[in-house]
file coords.txt (compact mmCIF, C-alpha atoms)
# COMPACT_ATOMS: atom_id res chain seq x y z
CA MET A 563 55.70 -28.71 -26.11
CA VAL A 564 56.22 -29.64 -29.75
CA THR A 565 57.70 -26.74 -31.75
CA LYS A 566 56.58 -26.01 -35.32
CA ALA A 567 59.94 -27.22 -36.55
CA GLU A 568 59.52 -30.51 -34.70
CA GLU A 569 56.27 -31.16 -36.57
CA ALA A 570 58.42 -31.50 -39.70
CA ILE A 571 60.07 -34.75 -38.54
CA SER A 572 58.86 -38.02 -37.11
CA SER A 573 58.91 -38.81 -33.43
CA PHE A 574 61.48 -41.53 -34.15
CA GLU A 575 63.78 -38.97 -35.77
CA LEU A 576 63.34 -36.54 -32.91
CA ASP A 577 64.04 -39.27 -30.36
CA ALA A 578 67.14 -40.31 -32.31
CA LEU A 579 68.39 -36.70 -32.30
CA LYS A 580 67.76 -36.37 -28.57
CA GLU A 581 69.59 -39.65 -27.98
CA THR A 582 72.64 -38.37 -29.87
CA ALA A 583 72.65 -35.32 -27.58
CA ASN A 584 72.65 -37.58 -24.51
CA ILE A 585 75.41 -39.84 -25.82
CA GLY A 586 77.62 -36.96 -26.95
CA THR A 587 77.15 -35.08 -23.69
CA GLY A 588 78.11 -38.17 -21.72
CA HIS A 589 81.36 -38.53 -23.63
CA ALA A 590 82.25 -34.83 -23.33
CA THR A 591 81.50 -34.88 -19.60
CA ILE A 592 83.79 -37.87 -19.04
CA ALA A 593 86.57 -36.07 -20.94
CA LEU A 594 86.18 -32.90 -18.85
CA SER A 595 85.95 -34.89 -15.63
CA ALA A 596 89.17 -36.80 -16.48
CA LEU A 597 90.98 -33.53 -17.27
CA MET A 598 89.87 -31.85 -14.06
CA ASN A 599 90.05 -35.00 -11.93
CA ARG A 600 86.73 -33.87 -10.48
CA LYS A 601 83.12 -34.83 -10.85
CA VAL A 602 81.36 -32.75 -13.47
CA ASN A 603 77.64 -32.20 -12.92
CA ILE A 604 75.46 -31.65 -15.96
CA THR A 605 71.81 -30.94 -16.58
CA ILE A 606 69.80 -33.17 -18.90
CA PRO A 607 70.48 -31.80 -22.40
CA ASN A 608 67.76 -29.43 -23.51
CA THR A 609 67.25 -30.57 -27.10
CA THR A 610 64.77 -28.77 -29.34
CA LEU A 611 64.21 -28.46 -33.05
CA VAL A 612 63.45 -24.82 -33.82
CA SER A 613 63.54 -22.23 -36.59
CA VAL A 614 66.60 -19.97 -36.70
CA HIS A 615 64.61 -16.92 -35.57
CA GLU A 616 63.56 -18.81 -32.40
CA VAL A 617 67.13 -19.58 -31.28
CA GLY A 618 67.65 -16.19 -29.55
CA GLY A 619 64.70 -16.87 -27.25
CA LYS A 620 66.14 -20.24 -26.23
CA ILE A 621 69.57 -18.97 -25.14
CA THR A 622 69.92 -16.98 -21.96
CA SER A 623 71.62 -13.62 -22.55
CA ALA A 624 74.92 -13.31 -20.74
CA ASN A 625 74.45 -11.01 -17.76
CA GLU A 626 78.20 -10.65 -17.52
CA ALA A 627 81.12 -10.78 -19.91
CA VAL A 628 81.66 -14.32 -21.15
CA VAL A 629 84.36 -16.23 -22.95
CA GLY A 630 83.24 -18.62 -25.67
CA ILE A 631 85.20 -21.53 -27.08
CA TYR A 632 83.74 -21.52 -30.56
CA SER A 633 84.00 -24.04 -33.36
CA LYS A 634 82.28 -24.48 -36.68
CA MET A 635 81.47 -27.85 -38.19
CA ARG A 636 83.54 -28.51 -41.28
CA GLN A 637 82.46 -31.88 -42.63
CA GLY A 638 79.67 -34.40 -42.15
CA ILE A 639 77.22 -32.02 -40.55
CA ALA A 640 76.56 -28.25 -40.63
CA GLY A 641 76.46 -26.17 -37.48
CA ASN A 642 78.34 -24.52 -34.63
CA ILE A 643 79.44 -25.45 -31.12
CA VAL A 644 80.20 -23.05 -28.28
CA ILE A 645 81.23 -23.59 -24.69
CA ILE A 646 80.21 -20.45 -22.81
CA LEU A 647 82.04 -19.56 -19.59
CA PRO A 648 81.60 -16.44 -17.49
CA THR A 649 85.01 -14.73 -17.62
CA SER A 650 85.62 -15.38 -13.91
CA CYS A 651 84.98 -19.12 -14.52
CA ALA A 652 87.30 -19.11 -17.55
CA TYR A 653 90.08 -17.65 -15.36
CA ARG A 654 89.43 -20.22 -12.60
CA LEU A 655 89.39 -23.04 -15.14
CA ILE A 656 92.82 -21.97 -16.40
CA ASP A 657 94.09 -21.74 -12.80
CA PHE A 658 92.73 -25.23 -12.14
CA ILE A 659 94.34 -26.71 -15.25
CA ASN A 660 97.62 -24.95 -14.34
CA LYS A 661 97.18 -26.36 -10.82
CA LYS A 662 97.42 -23.01 -9.04
CA ALA A 663 97.39 -23.56 -5.29
CA GLU A 664 95.16 -21.67 -2.88
CA GLY A 665 96.78 -18.38 -1.90
CA GLU A 666 98.71 -17.98 -5.15
CA GLN A 667 97.86 -15.00 -7.25
CA LYS A 668 94.89 -15.95 -9.39
CA LYS A 669 94.40 -15.14 -13.01
CA ASP A 670 92.25 -12.19 -14.03
CA ILE A 671 93.12 -11.80 -17.70
CA LEU A 672 93.51 -14.24 -20.59
CA ASN A 673 96.97 -14.20 -22.16
CA LYS A 674 98.09 -16.06 -25.29
CA GLU A 675 98.97 -19.24 -23.36
CA ASP A 676 95.56 -19.22 -21.65
CA ILE A 677 93.83 -18.81 -24.99
CA ALA A 678 95.81 -21.79 -26.32
CA THR A 679 94.79 -23.83 -23.25
CA LEU A 680 91.12 -23.03 -23.77
CA LYS A 681 91.39 -23.95 -27.45
CA LYS A 682 92.91 -27.30 -26.49
CA LEU A 683 90.12 -27.87 -23.97
CA GLY A 684 87.57 -27.09 -26.69
CA SER A 685 89.24 -29.54 -29.07
CA LEU A 686 89.20 -32.26 -26.42
CA LEU A 687 85.53 -31.82 -25.53
CA TYR A 688 84.30 -31.34 -29.09
CA SER A 689 86.25 -34.35 -30.21
CA ALA A 690 84.69 -36.47 -27.44
CA TYR A 691 81.19 -35.24 -28.28
CA LEU A 692 81.47 -35.50 -32.05
CA THR A 693 83.21 -38.89 -32.06
CA ALA A 694 80.18 -40.25 -30.21
CA LEU A 695 77.90 -38.57 -32.75
CA ALA A 696 79.97 -39.88 -35.67
CA ASN A 697 79.87 -43.43 -34.30
CA PHE A 698 76.12 -43.23 -33.73
CA PHE A 699 75.45 -42.11 -37.29
CA GLU A 700 78.43 -43.94 -38.87
CA GLN A 701 79.47 -40.69 -40.49
CA ASN A 702 82.80 -38.88 -40.55
CA ILE A 703 82.32 -35.59 -38.68
CA VAL A 704 85.04 -32.93 -38.62
CA PHE A 705 85.10 -29.58 -36.80
CA GLN A 706 87.30 -26.52 -37.30
CA LYS A 707 89.99 -25.74 -34.74
CA PRO A 708 88.27 -23.84 -31.91
CA ASN A 709 88.63 -20.08 -31.55
CA ILE A 710 88.18 -17.98 -28.46
CA VAL A 711 85.51 -15.30 -28.55
CA SER A 712 84.54 -12.82 -25.87
CA THR A 713 81.25 -11.06 -25.65
CA PHE A 714 78.31 -10.13 -23.44
CA GLY A 715 74.58 -9.49 -23.57
CA ASP A 716 72.71 -11.21 -26.38
CA SER A 717 75.72 -11.19 -28.75
CA ILE A 718 76.67 -14.78 -27.85
CA VAL A 719 73.65 -15.94 -29.90
CA ASP A 720 75.30 -14.44 -33.01
CA PHE A 721 78.15 -16.92 -32.70
CA ILE A 722 75.79 -19.86 -32.33
CA LEU A 723 74.13 -18.75 -35.58
CA VAL A 724 77.27 -17.95 -37.61
CA GLN A 725 76.69 -18.75 -41.29
CA ILE A 726 73.38 -20.54 -40.67
CA GLY A 727 70.72 -19.70 -43.28
CA GLU A 728 67.75 -17.70 -42.00
CA GLN A 729 65.27 -20.24 -43.35
CA GLU A 730 66.92 -23.23 -41.69
CA LYS A 731 65.37 -25.42 -39.06
CA VAL A 732 68.01 -26.29 -36.49
CA LEU A 733 68.58 -28.77 -33.72
CA LEU A 734 69.59 -26.77 -30.65
CA ILE A 735 71.19 -28.63 -27.75
CA SER A 736 72.13 -26.82 -24.55
CA ILE A 737 73.62 -28.25 -21.39
CA ASN A 738 74.61 -26.48 -18.16
CA PHE A 739 77.58 -27.91 -16.33
CA ASP A 740 79.57 -27.26 -13.18
CA VAL A 741 82.73 -28.76 -11.77
CA GLU A 742 82.15 -30.12 -8.28
CA GLY A 743 84.09 -28.45 -5.47
CA THR A 744 84.92 -25.40 -7.62
CA ASP A 745 83.02 -22.30 -8.73
CA ILE A 746 83.52 -23.26 -12.38
CA LYS A 747 80.30 -23.48 -14.38
CA GLY A 748 79.26 -22.93 -17.95
CA ASP A 749 77.04 -23.86 -20.86
CA PHE A 750 77.67 -26.19 -23.72
CA VAL A 751 75.60 -25.18 -26.76
CA LEU A 752 75.43 -27.05 -30.06
CA LEU A 753 73.43 -26.15 -33.13
CA PHE A 754 73.08 -28.39 -36.20
CA THR A 755 70.97 -27.72 -39.28
CA LEU A 756 68.15 -30.14 -39.97
CA THR A 757 69.13 -30.17 -43.65
CA SER A 758 72.53 -31.62 -42.75
CA LEU A 759 71.05 -34.07 -40.22
CA SER A 760 68.50 -35.49 -42.67
CA PRO A 761 70.91 -37.80 -44.58
CA LEU A 762 72.27 -39.05 -41.25
CA LEU A 763 68.77 -39.85 -40.05
CA GLU A 764 68.01 -41.63 -43.32
CA ASN A 765 71.13 -43.78 -42.90
CA LEU A 766 70.09 -44.60 -39.36
CA LYS A 767 66.61 -45.64 -40.50
CA LYS A 768 68.09 -47.88 -43.22
CA LYS A 769 70.39 -49.46 -40.67
CA MET A 770 67.42 -50.19 -38.43
CA GLY A 771 65.35 -51.54 -41.33
CA MET A 772 62.89 -48.67 -41.15
CA ALA A 773 63.42 -47.22 -44.62
CA MET B 1184 69.99 3.78 -15.81
CA ASP B 1185 68.45 7.12 -16.88
CA ARG B 1186 68.41 7.87 -20.58
CA VAL B 1187 71.48 9.89 -21.59
CA ASN B 1188 70.87 12.91 -23.85
CA LEU B 1189 74.01 12.44 -25.91
CA ALA B 1190 73.57 15.48 -28.17
CA GLU B 1191 73.45 17.76 -25.12
CA GLU B 1192 76.30 15.97 -23.36
CA LEU B 1193 78.54 16.12 -26.43
CA LYS B 1194 77.94 19.86 -26.79
CA ARG B 1195 79.63 20.36 -23.43
CA ASN B 1196 82.07 17.40 -23.41
CA LYS B 1197 84.23 16.11 -26.25
CA SER B 1198 84.80 12.69 -24.75
CA ILE B 1199 82.37 10.74 -22.62
CA LEU B 1200 82.59 7.37 -20.89
CA ILE B 1201 79.20 5.75 -20.30
CA VAL B 1202 78.96 2.91 -17.76
CA ILE B 1203 75.99 0.67 -18.56
CA PRO B 1204 74.35 -2.09 -16.47
CA THR B 1205 74.83 -5.40 -18.34
CA GLN B 1206 71.13 -6.22 -18.49
CA GLU B 1207 70.46 -2.91 -20.27
CA TYR B 1208 73.48 -3.03 -22.52
CA SER B 1209 72.00 -4.15 -25.84
CA MET B 1210 69.16 -1.62 -25.69
CA ALA B 1211 71.37 1.18 -24.41
CA ILE B 1212 73.95 0.79 -27.18
CA MET B 1213 71.22 0.95 -29.82
CA ASP B 1214 69.74 4.05 -28.21
CA LEU B 1215 73.16 5.76 -28.10
CA SER B 1216 73.83 4.86 -31.74
CA LEU B 1217 70.40 6.14 -32.78
CA GLN B 1218 70.96 9.46 -31.00
CA LEU B 1219 74.37 9.87 -32.62
CA SER B 1220 73.07 9.00 -36.09
CA ASN B 1221 70.31 11.60 -35.64
CA ASN B 1222 72.83 14.31 -34.75
CA TYR B 1223 75.93 13.58 -36.81
CA SER B 1224 76.51 12.61 -40.43
CA ARG B 1225 79.78 10.65 -40.17
CA LEU B 1226 80.34 8.18 -37.38
CA ALA B 1227 83.04 5.60 -36.70
CA TYR B 1228 81.94 2.58 -34.65
CA ILE B 1229 84.50 0.30 -33.04
CA SER B 1230 82.81 -3.00 -32.27
CA MET B 1231 84.57 -5.28 -29.82
CA ASN B 1232 81.40 -7.15 -28.83
CA LYS B 1233 79.03 -7.68 -31.74
CA MET B 1234 79.86 -9.11 -35.15
CA ILE B 1235 79.22 -6.84 -38.11
CA THR B 1236 76.31 -8.69 -39.73
CA PRO B 1237 74.11 -8.90 -36.63
CA LEU B 1238 75.23 -5.40 -35.62
CA LYS B 1239 74.07 -3.91 -38.91
CA ARG B 1240 70.83 -5.91 -38.66
CA SER B 1241 70.22 -4.50 -35.16
CA PHE B 1242 70.90 -0.98 -36.47
CA GLU B 1243 68.36 -1.46 -39.24
CA ASP B 1244 65.81 -2.92 -36.81
CA ASN B 1245 66.24 0.21 -34.67
CA ASP B 1246 65.95 2.66 -37.61
CA ILE B 1247 69.59 3.67 -37.33
CA ASP B 1248 71.04 4.93 -40.60
CA VAL B 1249 73.85 2.41 -41.26
CA LYS B 1250 75.14 4.47 -44.20
CA LYS B 1251 76.43 7.13 -41.80
CA PHE B 1252 78.78 4.64 -40.14
CA PHE B 1253 82.21 3.27 -40.79
CA PHE B 1254 82.83 0.17 -38.67
CA ILE B 1255 86.01 -1.21 -37.18
CA ASP B 1256 85.09 -4.79 -36.34
CA ALA B 1257 87.43 -6.56 -33.91
CA ILE B 1258 85.27 -9.63 -33.31
CA THR B 1259 83.93 -11.15 -36.55
CA LYS B 1260 87.31 -12.61 -37.52
CA THR B 1261 87.42 -14.63 -34.30
CA ALA B 1262 84.52 -16.67 -35.70
CA ILE B 1263 84.80 -16.17 -39.47
CA PRO B 1264 88.48 -15.94 -40.49
CA ASN B 1265 87.64 -14.64 -43.99
CA PRO B 1266 84.55 -12.46 -43.74
CA PRO B 1267 83.09 -11.00 -46.96
CA SER B 1268 84.74 -7.66 -47.68
CA ASP B 1269 82.67 -4.53 -47.14
CA PRO B 1270 83.84 -1.01 -48.08
CA ASN B 1271 82.42 0.35 -44.82
CA VAL B 1272 84.08 -2.17 -42.54
CA ALA B 1273 87.69 -2.72 -41.48
CA PHE B 1274 88.30 -6.05 -39.77
CA ILE B 1275 90.82 -6.56 -36.96
CA PRO B 1276 91.94 -10.18 -36.28
CA ALA B 1277 90.96 -10.19 -32.59
CA PRO B 1278 89.95 -7.75 -29.84
CA ASN B 1279 93.28 -8.25 -28.05
CA ASP B 1280 95.30 -7.13 -31.08
CA LEU B 1281 95.73 -3.59 -29.78
CA THR B 1282 98.48 -2.65 -32.22
CA LYS B 1283 96.36 -3.38 -35.29
CA LEU B 1284 93.36 -1.77 -33.64
CA SER B 1285 95.31 1.40 -32.93
CA ILE B 1286 96.68 1.57 -36.49
CA GLN B 1287 93.21 1.06 -37.96
CA ILE B 1288 91.67 3.75 -35.76
CA THR B 1289 94.31 6.24 -36.94
CA LYS B 1290 93.61 5.27 -40.54
CA VAL B 1291 89.87 5.80 -40.10
CA LEU B 1292 90.40 9.16 -38.39
CA GLN B 1293 92.58 10.26 -41.31
CA THR B 1294 90.52 8.92 -44.19
CA PHE B 1295 86.88 8.75 -43.06
CA ASP B 1296 87.07 11.97 -41.02
CA PRO B 1297 84.23 11.10 -38.59
CA ASP B 1298 82.36 13.66 -36.49
CA CYS B 1299 82.28 11.22 -33.62
CA ILE B 1300 83.72 7.83 -32.69
CA ILE B 1301 81.98 5.17 -30.57
CA PHE B 1302 84.04 2.55 -28.75
CA ASP B 1303 81.92 -0.50 -27.84
CA SER B 1304 83.30 -1.50 -25.37
CA LEU B 1305 86.18 -1.25 -22.91
CA SER B 1306 84.90 -4.31 -21.03
CA THR B 1307 86.10 -6.58 -23.83
CA LEU B 1308 89.64 -5.20 -23.53
CA LEU B 1309 89.65 -6.06 -19.83
CA ILE B 1310 89.18 -9.77 -20.60
CA TYR B 1311 92.62 -9.86 -22.24
CA GLU B 1312 94.64 -7.03 -20.74
CA ASP B 1313 95.11 -5.80 -17.21
CA ASN B 1314 93.94 -2.46 -15.98
CA THR B 1315 97.31 -0.77 -16.55
CA ILE B 1316 97.64 -1.80 -20.21
CA THR B 1317 93.98 -1.01 -20.94
CA SER B 1318 94.34 2.35 -19.24
CA GLN B 1319 97.52 3.17 -21.20
CA PHE B 1320 95.85 2.19 -24.46
CA MET B 1321 92.86 4.39 -23.67
CA HIS B 1322 95.08 7.36 -22.70
CA SER B 1323 96.82 7.13 -26.03
CA LEU B 1324 93.53 6.71 -27.91
CA VAL B 1325 91.86 9.69 -26.22
CA ASN B 1326 94.92 11.85 -26.94
CA LYS B 1327 94.81 10.79 -30.58
CA ILE B 1328 91.08 11.52 -30.87
CA ASN B 1329 91.56 14.91 -29.19
CA ALA B 1330 94.35 15.73 -31.64
CA PHE B 1331 91.91 15.13 -34.50
CA GLY B 1332 89.37 17.36 -32.76
CA ILE B 1333 86.51 14.90 -32.91
CA ARG B 1334 84.04 13.69 -30.30
CA ALA B 1335 84.18 10.27 -28.68
CA VAL B 1336 81.84 8.02 -26.72
CA PHE B 1337 83.29 5.06 -24.82
CA THR B 1338 81.13 2.42 -23.21
CA CYS B 1339 81.72 -0.24 -20.59
CA LEU B 1340 79.75 -2.53 -18.30
CA ASN B 1341 79.28 -1.69 -14.63
CA GLY B 1342 81.14 -4.77 -13.38
CA ASP B 1343 83.58 -4.86 -10.47
CA LYS B 1344 86.51 -5.31 -12.82
CA GLU B 1345 85.61 -2.16 -14.74
CA MET B 1346 85.41 0.18 -11.74
CA GLN B 1347 89.16 0.75 -11.33
CA LEU B 1348 89.47 1.46 -15.04
CA VAL B 1349 86.55 3.89 -14.85
CA ARG B 1350 88.29 5.72 -11.99
CA ASP B 1351 91.53 5.92 -14.00
CA LEU B 1352 89.78 7.11 -17.14
CA SER B 1353 87.77 9.75 -15.31
CA LEU B 1354 91.05 11.74 -15.38
CA VAL B 1355 91.27 11.36 -19.16
CA VAL B 1356 87.75 11.76 -20.55
CA ASP B 1357 85.71 14.92 -20.07
CA LYS B 1358 82.80 13.20 -18.37
CA VAL B 1359 81.86 9.79 -16.91
CA ILE B 1360 78.15 8.95 -16.89
CA GLY B 1361 76.79 6.15 -14.69
CA GLY B 1362 80.13 5.44 -13.00
CA PRO B 1363 80.99 4.98 -9.32
CA ALA B 1364 80.14 7.88 -7.02
call {"tool": "encode", "arguments": {"input": "coords.txt", "output": "structure tokens"}}
result
Amino acid sequence: MVTKAEEAISSFELDALKETANIGTGHATIALSALMNRKVNITIPNTTLVSVHEVGGKITSANEAVVGIYSKMRQGIAGNIVIILPTSCAYRLIDFINKKAEGEQKKDILNKEDIATLKKLGSLLYSAYLTALANFFEQNIVFQKPNIVSTFGDSIVDFILVQIGEQEKVLLISINFDVEGTDIKGDFVLLFTLTSLSPLLENLKKKMGMA
Amino acid sequence: MDRVNLAEELKRNKSILIVIPTQEYSMAIMDLSLQLSNNYSRLAYISMNKMITPLKRSFEDNDIDVKKFFFIDAITKTAIPNPPSDPNVAFIPAPNDLTKLSIQITKVLQTFDPDCIIFDSLSTLLIYEDNTITSQFMHSLVNKINAFGIRAVFTCLNGDKEMQLVRDLSLVVDKVIGGPA
């Protein structure tokens, strides 16, 4: 179904935005898979252009406490990125990265080292995703160093919308992933403002001789 | 979960721990805040879960008088390192910075002189600290609040991880609502 926000751009532009989501997701998945040395399964990115007030309805509330690896875009594009992991999955992910063997005592809190590990993971995945995006649009894109946030209920949506104007139309991309052979799963959510994507789309059209 | 009559409960108990099913959490916390704002004039709200701007917006959407509250916000700075200053908000760098949180709570008790304090929520502490540390922190906090003679409402989710903490804290707070049998 076409959202009201999607009516504001051409089908070419919408297709181009959806394509960037696919390319970026592919790169981030390869990076995670290489780190874990496991296959990472992902859903097809759910990419929609919506108004800010519609974002809450598009994100599933966390029915348990979650850990978010949050980063804000700093240059080239405006928006936020969050990897959302149920706390139990965040602990298992740390165990996996630290190569804890079966039977060893497993993690059930996040200490400073674990937080640093999750930040590094965020940097790796965001870098993979955004490099693909930057190459696609031939635009330098920079993100802030990731931070770790913890929350539950519908509060995770607040992070996705940090410092986004209430009147903005936004491109919302969400992907579910799981790591094969483990109980690690999570969501990768990206939000970019249409205002900041417009110059990138114009460049793309020029490059393709459409403008 | 049945609706808690907080005014009645706080007449009989100075400190209450309320265990809330996750799916009902957002609505329940607004209902508790509304009841408190209808019955008290000065409230201190410690937010470990919701950033100040959306929290205030939710209060306004639920007809809760924001002006009665002083907020200690331990989450906004994890996303916005330099949030705009607000005379009714004290920011803590992160929810796992228990030392700064403790110092700020003391400061608010001394300067704002609240009738009641709301701690939302213990579940966030459990992400970063084990049960023993969280329990010790809460013992010290409840003792401090009791020394100031004010009322306190603590909340947490009804997850497996919380149940041991709830059992421990049942020896510290006056009443646990919605906890394990």
call {"tool": "interface_residues", "arguments": {"input": "coords.txt", "of": "chain A", "to": "chain B", "cutoff": "9 Å", "atoms": "only C-alpha atoms", "output": "PyMOL selection string"}}
result
chain A and resi 623-629+632-634+649+670-674+708-718+720-721+724-725
call {"tool": "closest_residue", "arguments": {"input": "coords.txt", "among": "A:Ala652, A:Ile703, A:Ile631, A:Leu753", "to": "Lys682 of chain A", "atoms": "all atoms listed in the file"}}
result
A:Ile631
call {"tool": "atom_distance", "arguments": {"input": "coords.txt", "atom1": "atom CA of Thr744 of chain A", "atom2": "atom CA of Val602 of chain A"}}
result
10.0 Å
call {"tool": "residues_around", "arguments": {"input": "coords.txt", "residues": "segment 1247-1256 of chain B", "least_positions_apart": "2", "cutoff": "6 Å", "atoms": "all atoms listed in the file", "output": "list in words"}}
result
Leu1217, Ser1224, Arg1225, Leu1226, Ala1227, Tyr1228, Ile1229, Ser1230, Phe1242, Glu1243, Asn1245, Ile1258, Asn1271, Val1272, Ala1273 and Phe1274 of chain B
call {"tool": "residues_around", "arguments": {"input": "coords.txt", "residues": "Phe1320 of chain B", "least_positions_apart": "5", "cutoff": "12 Å", "atoms": "all atoms listed in the file", "output": "ChimeraX atom specification"}}
result
/B:1279-1282,1284-1285,1305,1308-1309,1312-1315,1325-1327,1348,1351-1352,1355
call {"tool": "write_last_selection", "arguments": {"input": "coords.txt", "atoms": "C-alpha atoms", "output": "PDB file, in the frame of the given file"}}
result
ATOM      1  CA  ASN B1279      93.280  -8.250 -28.050  1.00  0.00           C
ATOM      2  CA  ASP B1280      95.300  -7.130 -31.080  1.00  0.00           C
ATOM      3  CA  LEU B1281      95.730  -3.590 -29.780  1.00  0.00           C
ATOM      4  CA  THR B1282      98.480  -2.650 -32.220  1.00  0.00           C
ATOM      5  CA  LEU B1284      93.360  -1.770 -33.640  1.00  0.00           C
ATOM      6  CA  SER B1285      95.310   1.400 -32.930  1.00  0.00           C
ATOM      7  CA  LEU B1305      86.180  -1.250 -22.910  1.00  0.00           C
ATOM      8  CA  LEU B1308      89.640  -5.200 -23.530  1.00  0.00           C
ATOM      9  CA  LEU B1309      89.650  -6.060 -19.830  1.00  0.00           C
ATOM     10  CA  GLU B1312      94.640  -7.030 -20.740  1.00  0.00           C
ATOM     11  CA  ASP B1313      95.110  -5.800 -17.210  1.00  0.00           C
ATOM     12  CA  ASN B1314      93.940  -2.460 -15.980  1.00  0.00           C
ATOM     13  CA  THR B1315      97.310  -0.770 -16.550  1.00  0.00           C
ATOM     14  CA  VAL B1325      91.860   9.690 -26.220  1.00  0.00           C
ATOM     15  CA  ASN B1326      94.920  11.850 -26.940  1.00  0.00           C
ATOM     16  CA  LYS B1327      94.810  10.790 -30.580  1.00  0.00           C
ATOM     17  CA  LEU B1348      89.470   1.460 -15.040  1.00  0.00           C
ATOM     18  CA  ASP B1351      91.530   5.920 -14.000  1.00  0.00           C
ATOM     19  CA  LEU B1352      89.780   7.110 -17.140  1.00  0.00           C
ATOM     20  CA  VAL B1355      91.270  11.360 -19.160  1.00  0.00           C
TER      21      VAL B1355
END
